[in-house]
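For reference, final_19.cif (mmCIF, C-alpha atoms):
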data_upload
loop_
_atom_site.label_atom_id
_atom_site.label_comp_id
_atom_site.auth_asym_id
_atom_site.auth_seq_id
_atom_site.Cartn_x
_atom_site.Cartn_y
_atom_site.Cartn_z
CA MET O 3 -53.68 -33.89 63.48
CA LEU O 4 -50.46 -34.44 61.60
CA LEU O 5 -49.57 -37.42 63.83
CA SER O 6 -52.00 -39.47 65.92
CA ILE O 7 -50.93 -42.49 67.97
CA HIS O 8 -53.68 -44.62 69.51
CA ASN O 9 -53.10 -47.28 72.20
CA LEU O 10 -49.74 -48.21 70.71
CA THR O 11 -48.14 -51.33 72.21
CA VAL O 12 -44.74 -52.41 70.88
CA GLU O 13 -42.46 -55.39 71.47
CA ILE O 14 -38.72 -55.66 70.82
CA ALA O 15 -37.22 -59.16 70.76
CA GLY O 16 -40.33 -60.52 72.45
CA LYS O 17 -40.30 -57.98 75.29
CA GLU O 18 -43.08 -55.42 75.58
CA VAL O 19 -41.45 -51.97 75.66
CA LEU O 20 -44.35 -49.59 74.95
CA HIS O 21 -47.74 -50.00 76.63
CA GLU O 22 -50.85 -48.39 75.11
CA VAL O 23 -49.18 -45.09 74.22
CA ASN O 24 -51.43 -42.24 73.07
CA LEU O 25 -49.97 -39.08 71.53
CA SER O 26 -51.14 -36.45 69.06
CA ILE O 27 -49.09 -33.72 67.38
CA ASP O 28 -50.67 -31.09 65.14
CA HIS O 29 -49.17 -29.18 62.26
CA GLY O 30 -46.70 -26.55 63.48
CA GLU O 31 -46.34 -28.01 66.98
CA THR O 32 -43.14 -29.08 68.74
CA HIS O 33 -43.44 -31.63 71.54
CA VAL O 34 -40.74 -32.71 73.99
CA LEU O 35 -40.46 -36.20 75.47
CA PHE O 36 -38.83 -36.67 78.89
CA GLY O 37 -38.07 -39.90 80.71
CA LYS O 38 -35.46 -42.08 82.37
CA ASN O 39 -32.99 -44.14 80.36
CA GLY O 40 -34.71 -47.31 79.23
CA SER O 41 -38.21 -45.91 79.60
CA GLY O 42 -39.09 -46.43 75.91
CA LYS O 43 -38.53 -42.98 74.42
CA THR O 44 -36.26 -44.03 71.56
CA THR O 45 -38.47 -47.07 70.89
CA LEU O 46 -41.41 -44.71 70.36
CA LEU O 47 -39.48 -42.71 67.76
CA MET O 48 -38.33 -45.90 66.05
CA ALA O 49 -41.91 -47.23 65.99
CA ILE O 50 -43.12 -43.99 64.39
CA MET O 51 -40.32 -44.25 61.81
CA GLY O 52 -41.13 -47.91 61.17
CA PHE O 53 -38.03 -49.87 62.20
CA SER O 54 -38.54 -53.58 61.66
CA GLY O 55 -37.28 -54.50 65.14
CA CYS O 56 -40.29 -52.74 66.67
CA ARG O 57 -43.26 -55.13 66.45
CA VAL O 58 -46.62 -53.44 66.92
CA THR O 59 -48.94 -55.78 68.81
CA GLN O 60 -51.76 -53.31 69.44
CA GLY O 61 -52.90 -49.86 68.35
CA LYS O 62 -52.15 -47.77 65.30
CA ILE O 63 -50.15 -44.81 64.02
CA LEU O 64 -51.82 -42.26 61.75
CA PHE O 65 -49.85 -39.70 59.73
CA LYS O 66 -51.79 -37.13 57.73
CA ASP O 67 -54.93 -39.24 58.33
CA THR O 68 -53.28 -42.32 56.77
CA ASP O 69 -52.68 -45.50 58.75
CA ILE O 70 -48.90 -46.07 58.55
CA THR O 71 -48.67 -48.68 61.33
CA TYR O 72 -47.22 -51.36 59.07
CA LEU O 73 -45.65 -49.30 56.29
CA PRO O 74 -41.88 -49.69 55.66
CA ILE O 75 -39.43 -46.93 56.59
CA SER O 76 -38.98 -45.86 52.97
CA GLU O 77 -42.69 -45.16 52.54
CA ARG O 78 -42.86 -43.15 55.76
CA ALA O 79 -39.85 -41.10 54.70
CA ARG O 80 -41.47 -40.37 51.32
CA MET O 81 -44.64 -39.28 53.11
CA GLY O 82 -42.67 -36.71 55.11
CA ILE O 83 -41.24 -38.24 58.30
CA GLY O 84 -37.56 -37.74 59.13
CA MET O 85 -35.45 -38.80 62.10
CA SER O 86 -32.14 -37.75 63.66
CA PHE O 87 -30.54 -40.55 65.66
CA GLN O 88 -28.76 -40.31 68.99
CA ARG O 89 -26.09 -42.78 67.82
CA PRO O 90 -26.21 -43.10 64.03
CA PRO O 91 -23.94 -45.69 62.36
CA THR O 92 -20.65 -45.02 60.63
CA ILE O 93 -20.91 -45.72 56.89
CA ARG O 94 -17.52 -46.40 55.37
CA GLY O 95 -17.01 -45.76 51.69
CA VAL O 96 -19.89 -43.30 51.37
CA LYS O 97 -19.08 -39.59 51.48
CA VAL O 98 -21.46 -37.15 53.13
CA HIS O 99 -21.55 -35.19 49.87
CA ASP O 100 -22.63 -38.28 47.90
CA LEU O 101 -25.42 -39.10 50.36
CA ILE O 102 -26.76 -35.56 50.19
CA LYS O 103 -26.77 -35.67 46.38
CA THR O 104 -28.98 -38.77 46.30
CA PHE O 105 -32.03 -37.06 47.80
CA ASN O 106 -31.34 -33.37 47.30
CA ASN O 107 -33.94 -31.21 45.57
CA ASN O 108 -32.13 -27.94 46.26
CA ASP O 109 -29.70 -26.10 44.01
CA ASP O 110 -25.97 -26.16 44.77
CA ALA O 111 -25.98 -22.60 46.13
CA THR O 112 -28.68 -23.47 48.67
CA ILE O 113 -26.81 -26.57 49.82
CA GLU O 114 -23.60 -24.56 50.16
CA GLN O 115 -25.45 -22.02 52.30
CA ILE O 116 -26.85 -24.76 54.55
CA VAL O 117 -23.43 -26.42 54.91
CA ASN O 118 -21.84 -23.07 55.80
CA SER O 119 -24.50 -22.36 58.43
CA LEU O 120 -23.50 -25.63 60.10
CA ASN O 121 -19.75 -24.94 59.78
CA PHE O 122 -19.58 -28.33 58.07
CA THR O 123 -17.76 -27.68 54.80
CA GLU O 124 -14.61 -29.63 55.65
CA PHE O 125 -16.61 -32.79 56.42
CA MET O 126 -18.50 -33.09 53.14
CA GLU O 127 -15.82 -35.27 51.50
CA ARG O 128 -15.39 -37.56 54.49
CA ASP O 129 -17.03 -40.95 55.06
CA ILE O 130 -20.32 -40.59 56.92
CA ASN O 131 -19.68 -40.22 60.68
CA LEU O 132 -16.20 -41.81 60.43
CA GLY O 133 -14.11 -40.22 63.16
CA PHE O 134 -16.73 -37.52 63.76
CA SER O 135 -17.13 -35.96 67.20
CA GLY O 136 -20.55 -35.86 68.88
CA GLY O 137 -21.22 -32.36 67.57
CA GLU O 138 -20.09 -33.24 64.05
CA ILE O 139 -22.39 -36.27 63.98
CA LYS O 140 -25.34 -34.08 65.01
CA LYS O 141 -24.53 -31.59 62.27
CA SER O 142 -24.38 -34.40 59.72
CA GLU O 143 -27.77 -35.67 60.87
CA LEU O 144 -29.32 -32.19 60.70
CA LEU O 145 -27.89 -31.58 57.24
CA GLN O 146 -29.59 -34.75 56.03
CA LEU O 147 -32.88 -33.68 57.60
CA ILE O 148 -32.71 -30.22 56.06
CA VAL O 149 -32.19 -31.69 52.60
CA GLN O 150 -34.92 -34.30 53.13
CA ASN O 151 -37.25 -31.50 54.30
CA PRO O 152 -39.77 -33.68 56.22
CA GLU O 153 -43.05 -32.45 57.70
CA LEU O 154 -42.60 -34.44 60.94
CA ILE O 155 -39.13 -34.27 62.50
CA LEU O 156 -38.08 -36.80 65.15
CA LEU O 157 -34.99 -35.79 67.16
CA ASP O 158 -33.40 -38.25 69.59
CA GLU O 159 -31.36 -36.23 72.12
CA PRO O 160 -30.02 -33.58 69.70
CA GLU O 161 -27.80 -32.07 72.43
CA SER O 162 -26.20 -35.39 73.47
CA GLY O 163 -22.40 -35.34 73.17
CA VAL O 164 -22.37 -31.74 71.94
CA ASP O 165 -20.25 -28.99 73.52
CA LEU O 166 -21.76 -25.66 74.54
CA GLU O 167 -20.40 -23.83 71.51
CA ASN O 168 -21.88 -26.27 69.02
CA ILE O 169 -25.20 -26.58 70.84
CA LYS O 170 -25.86 -22.96 69.89
CA VAL O 171 -25.30 -23.73 66.21
CA ILE O 172 -27.38 -26.91 66.39
CA GLY O 173 -30.16 -25.21 68.34
CA LYS O 174 -30.35 -22.41 65.78
CA VAL O 175 -30.56 -24.90 62.89
CA ILE O 176 -33.25 -26.99 64.63
CA LYS O 177 -35.25 -23.84 65.29
CA LYS O 178 -35.16 -22.99 61.59
CA LEU O 179 -35.86 -26.59 60.57
CA LEU O 180 -39.01 -26.56 62.70
CA GLN O 181 -40.00 -23.15 61.29
CA LYS O 182 -39.85 -21.49 64.70
CA ASN O 183 -38.60 -18.38 62.92
CA LEU O 184 -41.98 -18.07 61.19
CA ARG O 185 -44.88 -16.23 62.79
CA ARG O 186 -47.48 -17.65 60.46
CA GLN O 187 -48.09 -20.66 58.22
CA ARG O 188 -45.92 -22.94 60.33
CA VAL O 189 -46.64 -26.49 59.14
CA LYS O 190 -43.70 -28.61 60.31
CA ALA O 191 -43.96 -30.51 63.56
CA GLY O 192 -41.39 -32.08 65.84
CA LEU O 193 -41.01 -34.65 68.60
CA VAL O 194 -37.80 -34.15 70.58
CA ILE O 195 -36.26 -36.42 73.20
CA THR O 196 -34.09 -34.55 75.72
CA HIS O 197 -32.27 -35.51 78.92
CA THR O 198 -30.27 -32.38 79.66
CA GLY O 199 -33.01 -29.92 78.68
CA LEU O 200 -30.37 -27.69 77.05
CA ILE O 201 -32.24 -27.72 73.75
CA LEU O 202 -35.11 -25.88 75.46
CA ASN O 203 -32.84 -22.82 75.65
CA TYR O 204 -32.91 -22.63 71.86
CA LEU O 205 -36.25 -24.16 70.98
CA GLU O 206 -39.70 -23.09 72.10
CA ALA O 207 -41.72 -26.25 72.65
CA ASP O 208 -45.53 -26.35 72.81
CA LYS O 209 -46.06 -29.39 75.01
CA GLY O 210 -44.07 -31.80 77.15
CA HIS O 211 -44.72 -35.51 77.80
CA LEU O 212 -43.25 -37.77 80.46
CA MET O 213 -42.66 -41.43 79.66
CA LEU O 214 -41.99 -43.98 82.39
CA ASN O 215 -41.98 -47.77 82.01
CA GLY O 216 -43.17 -47.56 78.42
CA MET O 217 -46.19 -45.36 79.16
CA ILE O 218 -46.82 -41.64 78.80
CA ILE O 219 -48.06 -40.79 82.27
CA CYS O 220 -48.53 -37.02 82.04
CA GLU O 221 -48.16 -33.96 79.84
CA GLY O 222 -47.90 -30.24 80.38
CA ASN O 223 -45.71 -27.16 79.99
CA PRO O 224 -42.27 -28.50 78.96
CA ARG O 225 -40.24 -25.95 80.91
CA GLU O 226 -42.24 -26.50 84.10
CA MET O 227 -41.94 -30.26 83.70
CA PHE O 228 -38.19 -30.08 83.19
CA GLU O 229 -37.78 -27.80 86.21
CA THR O 230 -39.61 -30.35 88.36
CA ILE O 231 -37.43 -33.16 87.04
CA GLN O 232 -34.27 -31.12 87.67
CA ASN O 233 -35.25 -30.20 91.21
CA SER O 234 -37.00 -33.35 92.40
CA GLY O 235 -36.17 -36.12 89.93
CA TYR O 236 -38.50 -38.57 88.24
CA GLU O 237 -39.62 -39.96 91.61
CA GLU O 238 -41.60 -36.78 92.15
CA CYS O 239 -43.39 -37.43 88.85
CA ILE O 240 -44.20 -40.96 89.99
CA ARG O 241 -45.54 -39.72 93.33
CA CYS O 242 -47.62 -37.08 91.54
CA GLN O 243 -49.12 -39.77 89.29
CA ARG O 244 -50.08 -41.88 92.30
#
Represent the structure of the file as structure tokens.
Amino acid sequence: MLLSIHNLTVEIAGKEVLHEVNLSIDHGETHVLFGKNGSGKTTLLMAIMGFSGCRVTQGKILFKDTDITYLPISERARMGIGMSFQRPPTIRGVKVHDLIKTFNNNDDATIEQIVNSLNFTEFMERDINLGFSGGEIKKSELLQLIVQNPELILLDEPESGVDLENIKVIGKVIKKLLQKNLRRQRVKAGLVITHTGLILNYLEADKGHLMLNGMIICEGNPREMFETIQNSGYEECIRCQR
């Protein structure tokens, strides 16, 4: 497995948020994570990425058969894990173009092509996320991920705050980022948090997981799971679990 999480329990500010979470994602797979607000979904992504505020009290995280449970964010990023945030910070005084240059291994023509595909050219000389709309922030995040070129891609609500026109652009870029346009030799994997389910119209996911109260309580076909949630709400999932 590319990512294996075993009995992961995590505290934030002394409060237990994740309870013995188990999750495995293989090379080339895309998994979707559903759940109510406050159920622990974003905490799981942050724990995988290695944010210091997430204190692991039990369990372990393996990436490419290496225990990364206590590695810093920088080491995990170098190993091939990348994350797009739901609400990334504004960074004044740093231009998008300058940030991209710091970790870019592509030639200028390739970067220009990527920027054009995102309709993002006019934002390259602006401070990171300063005055950006929801869709513009998502494009900035995806641009950074494309340049980083990670093997495991963590996406926290990529459709949040994005209008219908831009969700098509973003969905197309995510599909390419996760190599869904390839029929063979797909190696990149993804874990995607979604509330609206709109991203499923542009991204074929392999497996869905439902998180409630800090625990993954079931898994299955992501489209079938989302249809149940849409029609009957999370209470139906709770009743099913009982």
**Q.** Test item: the PyMOL selection byres ((chain O and resi 32) around 8) resolved as a ChimeraX atom specification
**A.** /O:27,30-31,33-34,180,191-194,206-209
Suppose we keep C-alpha atoms; can you now write the selection as a PDB file, in the frame of the given file?
ATOM      1  CA  ILE O  27     -49.090 -33.720  67.380  1.00  0.00           C
ATOM      2  CA  GLY O  30     -46.700 -26.550  63.480  1.00  0.00           C
ATOM      3  CA  GLU O  31     -46.340 -28.010  66.980  1.00  0.00           C
ATOM      4  CA  HIS O  33     -43.440 -31.630  71.540  1.00  0.00           C
ATOM      5  CA  VAL O  34     -40.740 -32.710  73.990  1.00  0.00           C
ATOM      6  CA  LEU O 180     -39.010 -26.560  62.700  1.00  0.00           C
ATOM      7  CA  ALA O 191     -43.960 -30.510  63.560  1.00  0.00           C
ATOM      8  CA  GLY O 192     -41.390 -32.080  65.840  1.00  0.00           C
ATOM      9  CA  LEU O 193     -41.010 -34.650  68.600  1.00  0.00           C
ATOM     10  CA  VAL O 194     -37.800 -34.150  70.580  1.00  0.00           C
ATOM     11  CA  GLU O 206     -39.700 -23.090  72.100  1.00  0.00           C
ATOM     12  CA  ALA O 207     -41.720 -26.250  72.650  1.00  0.00           C
ATOM     13  CA  ASP O 208     -45.530 -26.350  72.810  1.00  0.00           C
ATOM     14  CA  LYS O 209     -46.060 -29.390  75.010  1.00  0.00           C
TER      15      LYS O 209
END
Quick one: which stretch 29-108 of chain O residues come within 8 Å of stretch 115-134 of chain O, and what is the nearest atom pair for each with the distance in Å to one decimal, counting all atoms listed in the file, rows ordered by chain and ascending number, as JSON lines?
{"residue": "O:Pro90", "atom": "CA", "partner": "O:Asn131", "partner_atom": "CA", "distance": 7.9}
{"residue": "O:Pro91", "atom": "CA", "partner": "O:Asn131", "partner_atom": "CA", "distance": 7.1}
{"residue": "O:Thr92", "atom": "CA", "partner": "O:Asn131", "partner_atom": "CA", "distance": 4.9}
{"residue": "O:Ile93", "atom": "CA", "partner": "O:Ile130", "partner_atom": "CA", "distance": 5.2}
{"residue": "O:Arg94", "atom": "CA", "partner": "O:Asp129", "partner_atom": "CA", "distance": 5.5}
{"residue": "O:Gly95", "atom": "CA", "partner": "O:Asp129", "partner_atom": "CA", "distance": 5.9}
{"residue": "O:Val96", "atom": "CA", "partner": "O:Asp129", "partner_atom": "CA", "distance": 5.2}
{"residue": "O:Lys97", "atom": "CA", "partner": "O:Asp129", "partner_atom": "CA", "distance": 4.3}
{"residue": "O:Val98", "atom": "CA", "partner": "O:Met126", "partner_atom": "CA", "distance": 5.0}
{"residue": "O:His99", "atom": "CA", "partner": "O:Met126", "partner_atom": "CA", "distance": 4.9}
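Counting from atom CA of O:Leu147, the distance to atom CA of O:Gly84 is 6.4 Å.
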(Q) Please determine, counting only C-alpha atoms, which residue among O:Val189, O:Ile201, O:Leu156, O:Ile231 has the shortest atom-to-atom distance to O:Lys177. (A) O:Ile201
**Q.** Test item: the PyMOL selection byres ((chain O and resi 220) around 10) resolved as a PyMOL selection string
**A.** chain O and resi 210-214+217-219+221-222+227+239-240+242-243
Using only C-alpha atoms, give me every residue within 10 Å of (-24.9, -22.0, 64.2) in file coordinates, as a tab-separated table (two decimals) with C-alpha atoms, keeping the file's coordinate frame.
chain	number	residue	atom	x	y	z
O	118	ASN	CA	-21.84	-23.07	55.80
O	119	SER	CA	-24.50	-22.36	58.43
O	120	LEU	CA	-23.50	-25.63	60.10
O	121	ASN	CA	-19.75	-24.94	59.78
O	141	LYS	CA	-24.53	-31.59	62.27
O	167	GLU	CA	-20.40	-23.83	71.51
O	168	ASN	CA	-21.88	-26.27	69.02
O	169	ILE	CA	-25.20	-26.58	70.84
O	170	LYS	CA	-25.86	-22.96	69.89
O	171	VAL	CA	-25.30	-23.73	66.21
O	172	ILE	CA	-27.38	-26.91	66.39
O	173	GLY	CA	-30.16	-25.21	68.34
O	174	LYS	CA	-30.35	-22.41	65.78
O	175	VAL	CA	-30.56	-24.90	62.89
O	176	ILE	CA	-33.25	-26.99	64.63
(Q) I'd like the contact shell of O:Lys66 - 10 Å cut-off, all atoms listed in the file, skipping same-chain residues fewer than 2 positions apart - returned as a list in words. (A) Met3, Leu4, Leu5, Ser6, Asp28, His29, Leu64, Thr68, Asp69, Ile70, Met81, Gly82 and Glu153 of chain O
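Proximity to O:Arg78 at 10 Å, evaluated using all atoms listed in the file and with sequence-adjacent residues fewer than 6 positions away removed, yields Ile50, Met51, Gly52, Phe65, Ile70, Thr71, Tyr72, Gly84 and Pro152 of chain O.
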**Q.** O:Asn106, O:Phe36, O:Met48, O:Ser135 ranked by distance to O:Glu229, top pick (using all atoms listed in the file)
**A.** O:Phe36
Q) From the set O:Phe53, O:Tyr204, O:Phe228, O:Phe105, which residue has the shortest atom-to-atom contact distance to O:Gln146, counting only C-alpha atoms? A) O:Phe105
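Within 12 Å of the point (-35.9, -28.1, 84.6) in file coordinates, and counting only C-alpha atoms, lie the residues Phe36, Thr196, His197, Thr198, Gly199, Leu200, Ile201, Leu202, Asn203, Gly210, Asn223, Pro224, Arg225, Glu226, Met227, Phe228, Glu229, Thr230, Ile231, Gln232, Asn233, Ser234, Gly235 and Tyr236 of chain O.
The smallest atom-to-atom distance between O:Lys62 and any of O:Arg80, O:Ala49, O:Gly136, O:Thr44, using only C-alpha atoms, is found for O:Ala49.
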Step by step, gather every atom of stretch 20-23 of chain O that the file lists, find the box along x, y and z that holds them, add 5 Å on each side, and finally give centre and edge lengths in Å to one decimal, as AutoDock Vina command-line options.
--center_x -47.6 --center_y -47.5 --center_z 75.4 --size_x 16.5 --size_y 14.9 --size_z 12.4
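Counting all atoms listed in the file, O:Glu22 has the following residues at most 7 Å away, ignoring those fewer than 2 positions along the same chain: Asn9, Leu10, Thr11, Leu20, Asn24 and Met217 of chain O.
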Those same residues - C-alpha atoms - I'd like them written as a PDB file, in the frame of the given file.
ATOM      1  CA  ASN O   9     -53.100 -47.280  72.200  1.00  0.00           C
ATOM      2  CA  LEU O  10     -49.740 -48.210  70.710  1.00  0.00           C
ATOM      3  CA  THR O  11     -48.140 -51.330  72.210  1.00  0.00           C
ATOM      4  CA  LEU O  20     -44.350 -49.590  74.950  1.00  0.00           C
ATOM      5  CA  ASN O  24     -51.430 -42.240  73.070  1.00  0.00           C
ATOM      6  CA  MET O 217     -46.190 -45.360  79.160  1.00  0.00           C
TER       7      MET O 217
END
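Atom to atom, atom CA of O:Glu114 and atom CA of O:Ile139 stand 18.2 Å apart.
Across the structure, atom CA of O:Gly163 and atom CA of O:Arg188 are spaced 29.5 Å apart.
Among O:Val12, O:Leu35, O:Leu47, O:Leu166, the residue with the shortest atom-to-atom distance to O:Phe87, counting only C-alpha atoms, is O:Leu47.
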Q: For each of O:Ala111, O:Ile195, O:Val58, O:Leu154, take the minimum atom-to-atom distance to O:Asn39, counting all atoms listed in the file, then give the residue where this is smallest.
A: O:Ile195
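The protein and nucleic acid residues lying at most 9 Å from O:Ala15 are Gly55, Cys56 and Arg57 of chain O, with all atoms listed in the file considered and sequence neighbours fewer than 6 positions away removed.
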